[in-house]
Structure formats: structure tokens, C-alpha cells
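Participant: Structure: data-v2.pdb, PDB, C-alpha atoms and all ligand atoms.
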```
MODEL        1
ATOM      1  CA  MET C   1     104.993 185.146  95.973
ATOM      2  CA  ASN C   2     101.224 184.920  96.119
ATOM      3  CA  SER C   3      99.332 186.838  93.456
ATOM      4  CA  SER C   4      96.329 189.084  93.882
ATOM      5  CA  ILE C   5      93.086 187.678  92.554
ATOM      6  CA  ILE C   6      91.301 189.820  89.971
ATOM      7  CA  ASP C   7      87.676 189.824  91.107
ATOM      8  CA  GLY C   8      85.661 189.673  87.882
ATOM      9  CA  LYS C   9      82.398 189.497  89.792
ATOM     10  CA  ALA C  10      83.094 192.769  91.600
ATOM     11  CA  VAL C  11      84.312 194.604  88.485
ATOM     12  CA  SER C  12      81.354 193.329  86.451
ATOM     13  CA  LEU C  13      78.935 194.415  89.171
ATOM     14  CA  SER C  14      80.277 197.948  89.092
ATOM     15  CA  VAL C  15      79.910 198.011  85.279
ATOM     16  CA  LYS C  16      76.323 196.749  85.518
ATOM     17  CA  GLU C  17      75.533 199.308  88.232
ATOM     18  CA  SER C  18      76.861 202.069  86.015
ATOM     19  CA  VAL C  19      74.720 200.801  83.102
ATOM     20  CA  ARG C  20      71.718 200.663  85.464
ATOM     21  CA  GLU C  21      72.243 204.287  86.492
ATOM     22  CA  ARG C  22      72.533 205.458  82.887
ATOM     23  CA  ILE C  23      69.357 203.567  81.953
ATOM     24  CA  ALA C  24      67.516 205.052  84.931
ATOM     25  CA  ALA C  25      68.587 208.501  83.709
ATOM     26  CA  LEU C  26      67.178 207.717  80.237
ATOM     27  CA  ALA C  27      63.893 206.634  81.810
ATOM     28  CA  ARG C  28      63.754 209.819  83.923
ATOM     29  CA  GLU C  29      64.056 211.832  80.709
ATOM     30  CA  GLY C  30      61.041 209.937  79.370
ATOM     31  CA  LYS C  31      63.168 208.117  76.787
ATOM     32  CA  ARG C  32      62.813 204.478  75.785
ATOM     33  CA  VAL C  33      65.081 202.103  77.708
ATOM     34  CA  PRO C  34      67.346 199.772  75.664
ATOM     35  CA  CYS C  35      66.070 196.395  74.498
ATOM     36  CA  LEU C  36      68.223 193.324  73.913
ATOM     37  CA  ALA C  37      66.931 190.354  71.901
ATOM     38  CA  VAL C  38      68.644 187.053  72.643
ATOM     39  CA  ILE C  39      68.126 184.094  70.333
ATOM     40  CA  ILE C  40      68.965 180.573  71.430
ATOM     41  CA  VAL C  41      68.674 177.551  69.158
ATOM     42  CA  GLY C  42      68.381 174.093  70.699
ATOM     43  CA  ASP C  43      69.019 172.989  74.253
ATOM     44  CA  ASN C  44      72.786 172.954  74.764
ATOM     45  CA  PRO C  45      73.005 173.215  78.584
ATOM     46  CA  ALA C  46      76.047 175.535  78.608
ATOM     47  CA  SER C  47      74.397 177.884  76.072
ATOM     48  CA  ARG C  48      71.161 177.864  78.086
ATOM     49  CA  SER C  49      73.040 178.804  81.214
ATOM     50  CA  TYR C  50      74.888 181.676  79.457
ATOM     51  CA  VAL C  51      71.642 182.966  77.973
ATOM     52  CA  ARG C  52      69.910 182.899  81.361
ATOM     53  CA  GLY C  53      72.791 184.974  82.728
ATOM     54  CA  LYS C  54      72.361 187.520  79.934
ATOM     55  CA  VAL C  55      68.612 187.887  80.482
ATOM     56  CA  LYS C  56      69.110 188.170  84.266
ATOM     57  CA  ALA C  57      71.744 190.879  83.785
ATOM     58  CA  ALA C  58      69.382 192.780  81.468
ATOM     59  CA  GLU C  59      66.730 192.701  84.209
ATOM     60  CA  PHE C  60      69.281 193.934  86.750
ATOM     61  CA  THR C  61      70.197 196.953  84.629
ATOM     62  CA  GLY C  62      66.567 197.831  83.906
ATOM     63  CA  MET C  63      66.769 197.248  80.170
ATOM     64  CA  ASP C  64      64.117 195.290  78.319
ATOM     65  CA  SER C  65      64.969 191.899  76.922
ATOM     66  CA  ARG C  66      63.349 189.381  74.645
ATOM     67  CA  LEU C  67      64.323 185.749  74.817
ATOM     68  CA  ILE C  68      63.614 183.884  71.591
ATOM     69  CA  GLU C  69      63.936 180.128  71.997
ATOM     70  CA  LEU C  70      63.981 178.116  68.788
ATOM     71  CA  PRO C  71      64.046 174.323  68.504
ATOM     72  CA  GLY C  72      67.330 172.615  67.590
ATOM     73  CA  ASP C  73      65.902 171.524  64.246
ATOM     74  CA  VAL C  74      64.740 175.006  63.203
ATOM     75  CA  SER C  75      65.617 175.706  59.573
ATOM     76  CA  GLU C  76      68.254 178.237  58.660
ATOM     77  CA  SER C  77      65.697 180.239  56.685
ATOM     78  CA  SER C  78      63.317 180.418  59.681
ATOM     79  CA  LEU C  79      66.142 181.702  61.879
ATOM     80  CA  LEU C  80      67.073 184.284  59.239
ATOM     81  CA  GLU C  81      63.420 185.408  59.132
ATOM     82  CA  VAL C  82      63.367 185.905  62.891
ATOM     83  CA  ILE C  83      66.530 188.015  62.657
ATOM     84  CA  ALA C  84      65.105 190.026  59.735
ATOM     85  CA  GLY C  85      62.056 190.800  61.893
ATOM     86  CA  LEU C  86      64.249 192.005  64.767
ATOM     87  CA  ASN C  87      66.372 194.080  62.372
ATOM     88  CA  GLU C  88      63.193 195.885  61.283
ATOM     89  CA  ASP C  89      61.835 196.316  64.809
ATOM     90  CA  ALA C  90      62.601 199.863  65.984
ATOM     91  CA  ALA C  91      62.051 198.819  69.619
ATOM     92  CA  VAL C  92      65.021 196.410  69.510
ATOM     93  CA  ASP C  93      68.529 197.856  69.972
ATOM     94  CA  GLY C  94      70.687 194.757  70.264
ATOM     95  CA  ILE C  95      70.486 191.272  68.737
ATOM     96  CA  LEU C  96      72.540 188.389  70.073
ATOM     97  CA  VAL C  97      72.461 184.901  68.580
ATOM     98  CA  GLN C  98      74.004 182.513  71.081
ATOM     99  CA  LEU C  99      76.791 180.459  69.497
ATOM    100  CA  PRO C 100      77.515 177.717  68.641
ATOM    101  CA  LEU C 101      74.595 176.980  66.316
ATOM    102  CA  PRO C 102      73.547 173.474  65.225
ATOM    103  CA  ARG C 103      75.641 172.098  62.358
ATOM    104  CA  HIS C 104      72.916 172.420  59.718
ATOM    105  CA  ILE C 105      72.949 176.224  60.122
ATOM    106  CA  ASP C 106      75.650 178.378  58.510
ATOM    107  CA  GLU C 107      76.906 180.468  61.426
ATOM    108  CA  GLN C 108      78.608 183.072  59.234
ATOM    109  CA  LYS C 109      75.436 183.596  57.198
ATOM    110  CA  VAL C 110      73.490 184.164  60.426
ATOM    111  CA  ILE C 111      76.027 186.658  61.823
ATOM    112  CA  ASP C 112      76.113 188.493  58.480
ATOM    113  CA  SER C 113      72.310 188.851  58.569
ATOM    114  CA  ILE C 114      72.271 190.878  61.812
ATOM    115  CA  ALA C 115      71.962 194.642  61.233
ATOM    116  CA  VAL C 116      75.439 196.108  61.905
ATOM    117  CA  GLU C 117      74.075 198.733  64.298
ATOM    118  CA  LYS C 118      72.333 195.999  66.354
ATOM    119  CA  ASP C 119      75.347 193.652  66.423
ATOM    120  CA  VAL C 120      76.137 194.002  70.149
ATOM    121  CA  ASP C 121      78.540 191.018  69.979
ATOM    122  CA  GLY C 122      80.743 192.853  67.477
ATOM    123  CA  PHE C 123      80.906 189.705  65.333
ATOM    124  CA  HIS C 124      79.549 191.148  62.067
ATOM    125  CA  PRO C 125      82.283 191.441  59.394
ATOM    126  CA  GLU C 126      81.635 195.170  59.108
ATOM    127  CA  ASN C 127      82.255 195.596  62.846
ATOM    128  CA  VAL C 128      85.366 193.401  62.648
ATOM    129  CA  ALA C 129      86.692 195.538  59.789
ATOM    130  CA  ARG C 130      85.946 198.706  61.713
ATOM    131  CA  LEU C 131      87.800 197.351  64.766
ATOM    132  CA  TRP C 132      90.928 196.574  62.740
ATOM    133  CA  LEU C 133      90.755 199.915  60.928
ATOM    134  CA  GLY C 134      90.477 201.783  64.224
ATOM    135  CA  ARG C 135      87.014 203.131  63.433
ATOM    136  CA  PRO C 136      84.085 203.370  65.873
ATOM    137  CA  CYS C 137      82.495 199.935  66.312
ATOM    138  CA  ALA C 138      80.872 197.494  68.700
ATOM    139  CA  ILE C 139      83.799 195.903  70.538
ATOM    140  CA  PRO C 140      83.390 192.147  71.185
ATOM    141  CA  CYS C 141      82.292 191.614  74.786
ATOM    142  CA  THR C 142      84.919 189.195  76.100
ATOM    143  CA  PRO C 143      87.939 191.130  74.751
ATOM    144  CA  LYS C 144      86.452 194.403  76.022
ATOM    145  CA  GLY C 145      85.939 192.821  79.440
ATOM    146  CA  ILE C 146      89.523 191.543  79.493
ATOM    147  CA  ILE C 147      90.899 195.058  78.968
ATOM    148  CA  ARG C 148      88.694 196.330  81.828
ATOM    149  CA  LEU C 149      90.022 193.602  84.116
ATOM    150  CA  ILE C 150      93.630 194.477  83.261
ATOM    151  CA  ASP C 151      92.854 198.160  83.897
ATOM    152  CA  SER C 152      91.306 197.244  87.259
ATOM    153  CA  THR C 153      94.739 196.048  88.453
ATOM    154  CA  GLY C 154      96.355 199.442  87.871
ATOM    155  CA  VAL C 155      99.086 197.756  85.789
ATOM    156  CA  SER C 156      99.892 199.886  82.752
ATOM    157  CA  ILE C 157      99.241 198.290  79.349
ATOM    158  CA  GLU C 158     101.202 200.997  77.520
ATOM    159  CA  GLY C 159     104.648 199.757  76.497
ATOM    160  CA  SER C 160     104.147 196.348  78.116
ATOM    161  CA  ARG C 161     104.875 192.983  76.520
ATOM    162  CA  ALA C 162     101.525 191.247  76.011
ATOM    163  CA  VAL C 163     101.222 187.652  74.859
ATOM    164  CA  VAL C 164      97.855 186.309  73.694
ATOM    165  CA  VAL C 165      97.649 182.519  73.494
ATOM    166  CA  GLY C 166      94.831 181.475  71.145
ATOM    167  CA  ARG C 167      93.719 183.069  67.889
ATOM    168  CA  SER C 168      89.938 182.748  67.781
ATOM    169  CA  ASN C 169      87.758 185.363  66.109
ATOM    170  CA  ILE C 170      85.793 185.813  69.340
ATOM    171  CA  VAL C 171      88.695 186.348  71.766
ATOM    172  CA  GLY C 172      92.314 185.963  70.603
ATOM    173  CA  LYS C 173      92.324 188.151  67.511
ATOM    174  CA  PRO C 174      90.210 191.040  68.872
ATOM    175  CA  VAL C 175      91.933 191.177  72.280
ATOM    176  CA  ALA C 176      95.314 191.365  70.514
ATOM    177  CA  LYS C 177      94.047 194.376  68.542
ATOM    178  CA  LEU C 178      92.693 196.073  71.684
ATOM    179  CA  LEU C 179      96.059 195.568  73.439
ATOM    180  CA  LEU C 180      97.831 196.974  70.381
ATOM    181  CA  ASP C 181      95.493 199.988  70.471
ATOM    182  CA  ARG C 182      96.656 200.547  74.055
ATOM    183  CA  ASN C 183     100.287 200.518  72.898
ATOM    184  CA  ALA C 184     101.305 197.108  74.187
ATOM    185  CA  THR C 185     103.850 195.120  72.197
ATOM    186  CA  VAL C 186     101.695 192.152  71.278
ATOM    187  CA  THR C 187     102.655 188.583  70.432
ATOM    188  CA  MET C 188      99.943 186.247  69.165
ATOM    189  CA  ALA C 189     100.867 182.719  70.175
ATOM    190  CA  HIS C 190      99.021 179.448  69.633
ATOM    191  CA  SER C 191      99.284 175.695  69.867
ATOM    192  CA  ARG C 192     101.831 175.562  67.032
ATOM    193  CA  SER C 193     104.098 178.288  68.446
ATOM    194  CA  ARG C 194     107.658 177.065  68.912
ATOM    195  CA  ASP C 195     108.725 177.157  72.566
ATOM    196  CA  LEU C 196     105.435 178.520  73.818
ATOM    197  CA  ALA C 197     106.733 178.479  77.400
ATOM    198  CA  ALA C 198     109.599 180.867  76.606
ATOM    199  CA  LEU C 199     107.226 183.202  74.729
ATOM    200  CA  CYS C 200     104.772 183.269  77.630
ATOM    201  CA  ARG C 201     107.558 183.926  80.146
ATOM    202  CA  GLU C 202     108.268 187.228  78.381
ATOM    203  CA  ALA C 203     104.726 188.457  78.994
ATOM    204  CA  ASP C 204     103.949 191.272  81.414
ATOM    205  CA  ILE C 205     100.350 190.585  80.402
ATOM    206  CA  LEU C 206      99.403 187.013  79.504
ATOM    207  CA  VAL C 207      95.944 186.325  78.027
ATOM    208  CA  VAL C 208      95.107 182.655  77.598
ATOM    209  CA  ALA C 209      92.166 181.630  75.410
ATOM    210  CA  THR C 210      92.877 178.186  74.029
ATOM    211  CA  GLY C 211      90.061 176.028  75.388
ATOM    212  CA  ARG C 212      92.648 173.555  76.707
ATOM    213  CA  PRO C 213      92.585 173.031  80.458
ATOM    214  CA  GLY C 214      95.960 173.396  82.133
ATOM    215  CA  MET C 215      97.636 174.706  78.947
ATOM    216  CA  VAL C 216      99.595 177.344  80.869
ATOM    217  CA  THR C 217     101.581 176.217  83.881
ATOM    218  CA  ALA C 218     103.535 178.096  86.564
ATOM    219  CA  ASP C 219     106.870 177.759  84.723
ATOM    220  CA  MET C 220     105.366 179.711  81.781
ATOM    221  CA  VAL C 221     104.500 182.772  83.871
ATOM    222  CA  LYS C 222     106.833 185.749  84.389
ATOM    223  CA  PRO C 223     107.020 186.684  88.075
ATOM    224  CA  GLY C 224     104.601 189.542  88.757
ATOM    225  CA  ALA C 225     102.737 189.210  85.441
ATOM    226  CA  VAL C 226      99.019 189.843  84.932
ATOM    227  CA  VAL C 227      97.435 186.531  83.903
ATOM    228  CA  ILE C 228      93.980 186.517  82.305
ATOM    229  CA  ASP C 229      92.422 183.071  81.954
ATOM    230  CA  VAL C 230      89.594 183.043  79.403
ATOM    231  CA  GLY C 231      89.062 179.267  79.474
ATOM    232  CA  ILE C 232      85.815 177.737  80.693
ATOM    233  CA  ASN C 233      86.264 173.964  80.721
ATOM    234  CA  ARG C 234      84.178 171.430  82.563
ATOM    235  CA  THR C 235      86.069 168.704  84.404
ATOM    236  CA  ALA C 236      84.919 165.073  84.575
ATOM    237  CA  ASP C 237      83.451 165.754  88.026
ATOM    238  CA  GLY C 238      81.475 168.751  86.764
ATOM    239  CA  ARG C 239      83.630 171.613  88.099
ATOM    240  CA  LEU C 240      84.623 174.595  85.952
ATOM    241  CA  THR C 241      88.305 175.085  85.258
ATOM    242  CA  GLY C 242      90.313 177.498  83.130
ATOM    243  CA  ASP C 243      93.174 177.116  80.644
ATOM    244  CA  VAL C 244      95.718 178.083  83.299
ATOM    245  CA  ASP C 245      96.899 175.905  86.181
ATOM    246  CA  PHE C 246      95.602 178.337  88.788
ATOM    247  CA  GLU C 247      97.242 176.725  91.825
ATOM    248  CA  GLY C 248     100.694 176.871  90.289
ATOM    249  CA  ALA C 249     100.426 180.114  88.313
ATOM    250  CA  SER C 250      99.026 182.063  91.263
ATOM    251  CA  GLN C 251     102.319 181.412  93.100
ATOM    252  CA  VAL C 252     104.192 183.306  90.374
ATOM    253  CA  ALA C 253     101.850 185.898  88.834
ATOM    254  CA  GLY C 254     101.276 189.365  90.260
ATOM    255  CA  TRP C 255      97.598 189.275  89.318
ATOM    256  CA  ILE C 256      95.443 186.421  88.093
ATOM    257  CA  THR C 257      91.787 185.818  87.199
ATOM    258  CA  PRO C 258      89.985 182.855  88.778
ATOM    259  CA  VAL C 259      87.650 180.499  86.879
ATOM    260  CA  PRO C 260      84.784 180.891  87.542
ATOM    261  CA  GLY C 261      84.470 184.506  88.662
ATOM    262  CA  GLY C 262      87.033 186.129  86.375
ATOM    263  CA  VAL C 263      86.421 186.848  82.702
ATOM    264  CA  GLY C 264      82.986 185.151  82.494
ATOM    265  CA  PRO C 265      80.958 187.780  84.384
ATOM    266  CA  MET C 266      82.716 190.571  82.446
ATOM    267  CA  THR C 267      81.468 189.253  79.096
ATOM    268  CA  ILE C 268      77.889 189.717  80.257
ATOM    269  CA  ALA C 269      78.553 193.157  81.762
ATOM    270  CA  MET C 270      80.100 194.332  78.478
ATOM    271  CA  LEU C 271      77.069 193.029  76.590
ATOM    272  CA  MET C 272      74.922 195.292  78.745
ATOM    273  CA  GLU C 273      77.199 198.235  78.003
ATOM    274  CA  ASN C 274      77.202 197.511  74.249
ATOM    275  CA  THR C 275      73.402 197.309  74.214
ATOM    276  CA  LEU C 276      73.112 200.619  76.050
ATOM    277  CA  GLU C 277      75.562 202.170  73.578
ATOM    278  CA  ALA C 278      73.535 200.799  70.634
ATOM    279  CA  ARG C 279      70.449 202.447  72.151
ATOM    280  CA  LEU C 280      72.239 205.772  72.737
ATOM    281  CA  ALA C 281      73.558 205.786  69.170
ATOM    282  CA  LYS C 282      69.950 206.122  67.997
ATOM    283  CA  GLY C 283      69.617 209.381  69.950
TER     284      GLY C 283
HETATM  285  N1  LIG B   1      79.173 181.768  72.684
HETATM  286  C1  LIG B   1      80.262 181.851  73.487
HETATM  287  N2  LIG B   1      80.598 183.137  73.697
HETATM  288  C2  LIG B   1      79.707 183.877  73.020
HETATM  289  C3  LIG B   1      79.533 185.290  72.865
HETATM  290  O1  LIG B   1      80.277 186.126  73.380
HETATM  291  N3  LIG B   1      78.468 185.661  72.094
HETATM  292  C4  LIG B   1      77.660 184.759  71.488
HETATM  293  N4  LIG B   1      76.676 185.238  70.734
HETATM  294  N5  LIG B   1      77.798 183.457  71.612
HETATM  295  C5  LIG B   1      78.817 183.029  72.371
ENDMDL
END
```
Could you render the structure as C-alpha cells?
Facilitator:
Amino acid sequence: MNSSIIDGKAVSLSVKESVRERIAALAREGKRVPCLAVIIVGDNPASRSYVRGKVKAAEFTGMDSRLIELPGDVSESSLLEVIAGLNEDAAVDGILVQLPLPRHIDEQKVIDSIAVEKDVDGFHPENVARLWLGRPCAIPCTPKGIIRLIDSTGVSIEGSRAVVVGRSNIVGKPVAKLLLDRNATVTMAHSRSRDLAALCREADILVVATGRPGMVTADMVKPGAVVIDVGINRTADGRLTGDVDFEGASQVAGWITPVPGGVGPMTIAMLMENTLEARLAKG
């Protein structure tokens, strides 16, 4: 069997178009359009590329953006001052600090310093608590995008067996909670799980976010399953590859995301949506 490819570019475009229409409507009413502030520290090439994508998407949707580029040796206190300024600035709706940060900066301290209502990543502990308590919150962009991609297939999440491989704060843990909220029966698996292959084979929905290229192979996929590959790994020859062996798994799965062009574009689209929602929450 050959699986259908889940087109993350197409789904993300339709999300961005919808955000663009809602922003145009705000502007027609004479209201302020949303503004996203993106902070990047240092010159990590992957981070620079992601940040460029975020600013470009903001332009596409018609929202304002501010790119704040700080040198790699900026002090933690200077970064915290910049964030404090953005927290106070009524014209800024969303603040995103691109991760990872240089080692001399305490990432948790930085995330904690972002005003909860401007935390469009959904990384602030208050937002994380709200997510797990089932209260209104900013939902982390990648997990939110993953749910949209699953929904785009028409496969029902309700009652399904979902297996999430990887337990990061950014992807694994929140996507498991979102699947649980949609009434899936969720298993959180990881590199230490005993007989990972057998666990994965039970999954109607398999989400893989381990950061290990080729971690999931065809024999680990249930025939017809929805496979979401969150991995973005660079090969020795400079190509991007996921955590799933796409060639093999796509012979078995019902639906599968490619890398690139699957989850990646959705993360950015959801950031646009979260920023618009942060703006709308202000009235
Ligand atoms: N680095 C990798 N993914 C992300 C993300 O979703 N948000 C931020 N701020 N940094 C990241």
C-alpha cells in the first residue's frame, strides 16, 4: 500500500490565509493589527532560518513584526531588559524568543520573564499549567499544528490509539495532552521504552519527535496509520530528514507527513494564529 502524503505546506497556507483575512477585517474596522516581536540571540544558522520564516509569515498575514537581533555574547540581564520593555509595550501582542539560547543564559528564566498574555509559544509555566488543567491558554505551536494536520486527513482522533514517541516540553508532552483532550487513548513512549516497535505498531496515530533520524522504520508502523514526523535533522550532505524512514514507512502508513513540508510550516502558521488570538484577547 502507498500512503497519502499530508501536505503541510498547503494546510499551513490555508491557515495563514485565514489569519490574513481576519487581520484585514480588523484593519477595516480601524483597529490595530497584531504585532509579533521575535528575539534572536547569536547567529545559529538554523535559528536564523526559522526566524526569517516567522517574519516572512507575519508579513504575509499583514501583521506587524519586530525582529530584535542580539549578539551571541549578550548578557542575560540585557536580554531580560529587552523582554521587560516588550512586556510593557502596549503595541506588542506576542513575544517569541527563539530557542535554543547560548549556554550562559538561563532559558527557563527568560521564558518565565515573558508576560503570560504575550507568550505566543505557550512555553511559560503558567500557560503549561493552564494547558494541563484544561483552562484557556496559548497552545504550543508545533503540537497545535500536528493536531490540525491529523484533522486534515479526516481520520478521527476520538477513541483512537495514539502513540507519541519523545517527551520534550515543546512537542511530546503537549501533543500527548492535546490528543488526550480529543479523546484518544495516548501512550507516551521514548528511547527507554521496552519494545518500542511493538508499542508503535499499536498506533492508529503515531507522532514521532525524538530528534533521531530514522528512529521509526516501516516495521514499526501499523498498516493504514497516520504518521506525523516532527524531526528536522540535517544529513551529512546537507539535506533535511525526519525521524521516520519515509521511504519504508510510506509503504505501510495510510497517511504520512514529509520532511520538509510537513510539520515545519504548520509551526509557523500556528504562531500567526496565536499572535492574532493574543491581539483579539485585548479587545
Ligand atoms: N526552537 C525550536 N522550536 C521552537 C519554537 O517553537 N519556539 C521557539 N521560541 N524556539 C524554538
Participant: Return as AutoDock Vina command-line options the centre and edge lengths, in Å with one decimal, of the box along x, y and z that encloses every atom of region 177-190 of chain C in the file, padded by 6 Å per side.
Facilitator:
```
--center_x 98.3 --center_y 190.0 --center_z 71.4 --size_x 23.2 --size_y 33.1 --size_z 17.6
```
Participant: Any idea what's packed within 9 Å of region 13-17 of chain C, counting all atoms listed in the file, ignoring anything in its chain fewer than 3 positions away? Could you give it as a PyMOL selection string?
Facilitator: chain C and resi 8-10+20-22+57-58+60-61+265-266+268-270+272-273
Participant: Between CA of Leu99 (chain C) and CA of Ile205 (chain C), what is the spacing in Å?
Facilitator: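 Distance reported for this atom pair: 27.9 Å.
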Participant: Carefully work through the PyMOL selection byres (((not hetatm)) within 7 of (chain B and resi 1)) for this structure and note down the residues it includes, as a PyMOL selection string.
Facilitator: chain C and resi 96-100+121+141-142+170+267
Participant: If you measure from CA of Lys177 (chain C) to CA of Val128 (chain C), what distance in Å do you get, rounded to one decimal?
Facilitator: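 That distance, rounded to one decimal, is 10.5 Å.
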Participant: Would you translate the PyMOL selection byres (((chain C and resi 194-203) around 12) and not hetatm) into the concrete set of residues it matches in this file, as a ChimeraX atom specification?
Facilitator: /C:157,159-166,184-193,204-208,215-228,244,249,252-254
Participant: Calculated over only C-alpha atoms, which of the candidates C:Thr241, C:Ile95, C:Val19, C:Val259 has the smallest distance to Glu59 (chain C)?
Facilitator: C:Val19
Participant: Using only C-alpha atoms and a cutoff of 9 Å, can you tell me which residues are near (97.4, 200.1, 77.6) in the file's coordinates, and write them out as a PyMOL selection string?
Facilitator: chain C and resi 147+150-151+155-160+178-184
Participant: Work out how far CA of Ser152 (chain C) is from CA of Val33 (chain C), in Å to one decimal.
Facilitator: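 Taking CA of Val33 (chain C) and CA of Ser152 (chain C), their separation equals 28.3 Å.
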Participant: Report the residues retrieved by the PyMOL selection byres (((chain C and resi 51) around 10) and not hetatm) from the displayed file, expressed as a PyMOL selection string.
Facilitator: chain C and resi 38-40+45-50+52-57+67+96-98+268
Participant: I need every residue sitting at most 9 Å from the point (66.9, 195.0, 62.2) (coordinates as in the file, all atoms listed in the file considered), written as a list in words.
Facilitator: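 Output: Ile83, Ala84, Gly85, Leu86, Asn87, Glu88, Asp89, Ala90, Val92, Asp93, Gly94, Ile95, Ser113, Ile114, Ala115, Val116, Glu117 and Lys118 of chain C.
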Participant: From the set C:Val41, C:Cys35, C:Leu149, C:Ile68, which residue has the shortest atom-to-atom contact distance to Glu107 (chain C), counting only C-alpha atoms?
Facilitator: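 Of all the options, C:Val41 lies closest to Glu107 (chain C).
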Participant: Counting only C-alpha atoms, which of C:Pro174, C:Gly134, C:Gly42, C:Pro71 gets nearest to Gly122 (chain C)?
Facilitator: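 Among the listed residues, the smallest separation from Gly122 (chain C) belongs to C:Pro174.
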Participant: I want to know what sits within 7 Å of Pro34 (chain C), based on only C-alpha atoms, with residues of the same chain fewer than 6 positions away left out; could you give that as a ChimeraX atom specification?
Facilitator: /C:63-64,93,275-276,279
Participant: For a quick check of understanding, using all atoms listed in the file, which of C:Thr210, C:Ala278, C:Pro260, C:Cys137 has the smallest distance to Asp243 (chain C)?
Facilitator: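 Among the listed residues, C:Thr210 lies closest to Asp243 (chain C).
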Participant: For each of C:Leu271, C:Gly283, C:Gly172, C:Asp106, take the minimum atom-to-atom distance to Leu36 (chain C), counting only C-alpha atoms, then give the residue where this is smallest.
Facilitator: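 Of C:Leu271, C:Gly283, C:Gly172, C:Asp106, the one nearest Leu36 (chain C), counting only C-alpha atoms, is C:Leu271.
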Participant: Name the closest residue to Leu26 (chain C) among the candidates C:Pro136, C:Leu280, C:Asp73, C:Ser78; distances are taken between atoms, counting all atoms listed in the file.
Facilitator: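 Closest candidate: C:Leu280.
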Participant: Restore N, CA, C and O atoms in region 76-87 of chain C and list the result as a tab-separated table (two decimals), in the frame of the given file.
Facilitator:
```tsv
chain	number	residue	atom	x	y	z
C	76	GLU	N	67.45	177.02	58.78
C	76	GLU	CA	68.25	178.24	58.66
C	76	GLU	C	67.40	179.41	58.18
C	76	GLU	O	67.50	180.53	58.70
C	77	SER	N	66.50	179.14	57.23
C	77	SER	CA	65.70	180.24	56.68
C	77	SER	C	64.73	180.78	57.73
C	77	SER	O	64.49	182.00	57.79
C	78	SER	N	64.20	179.91	58.62
C	78	SER	CA	63.32	180.42	59.68
C	78	SER	C	64.10	181.31	60.64
C	78	SER	O	63.62	182.36	61.07
C	79	LEU	N	65.31	180.89	60.98
C	79	LEU	CA	66.14	181.70	61.88
C	79	LEU	C	66.45	183.06	61.23
C	79	LEU	O	66.35	184.11	61.87
C	80	LEU	N	66.77	183.02	59.94
C	80	LEU	CA	67.07	184.28	59.24
C	80	LEU	C	65.85	185.20	59.20
C	80	LEU	O	65.98	186.42	59.29
C	81	GLU	N	64.65	184.60	59.11
C	81	GLU	CA	63.42	185.41	59.13
C	81	GLU	C	63.22	186.08	60.48
C	81	GLU	O	62.79	187.24	60.56
C	82	VAL	N	63.50	185.33	61.55
C	82	VAL	CA	63.37	185.90	62.89
C	82	VAL	C	64.31	187.11	63.03
C	82	VAL	O	63.93	188.17	63.52
C	83	ILE	N	65.55	186.93	62.56
C	83	ILE	CA	66.53	188.02	62.66
C	83	ILE	C	66.09	189.21	61.81
C	83	ILE	O	66.17	190.37	62.25
C	84	ALA	N	65.57	188.94	60.61
C	84	ALA	CA	65.10	190.03	59.74
C	84	ALA	C	64.01	190.82	60.44
C	84	ALA	O	63.98	192.07	60.37
C	85	GLY	N	63.13	190.12	61.15
C	85	GLY	CA	62.06	190.80	61.89
C	85	GLY	C	62.62	191.70	62.99
C	85	GLY	O	62.16	192.84	63.17
C	86	LEU	N	63.63	191.21	63.69
C	86	LEU	CA	64.25	192.00	64.77
C	86	LEU	C	65.04	193.19	64.19
C	86	LEU	O	65.08	194.27	64.78
C	87	ASN	N	65.65	192.98	63.03
C	87	ASN	CA	66.37	194.08	62.37
C	87	ASN	C	65.42	195.24	62.07
C	87	ASN	O	65.78	196.41	62.21
```
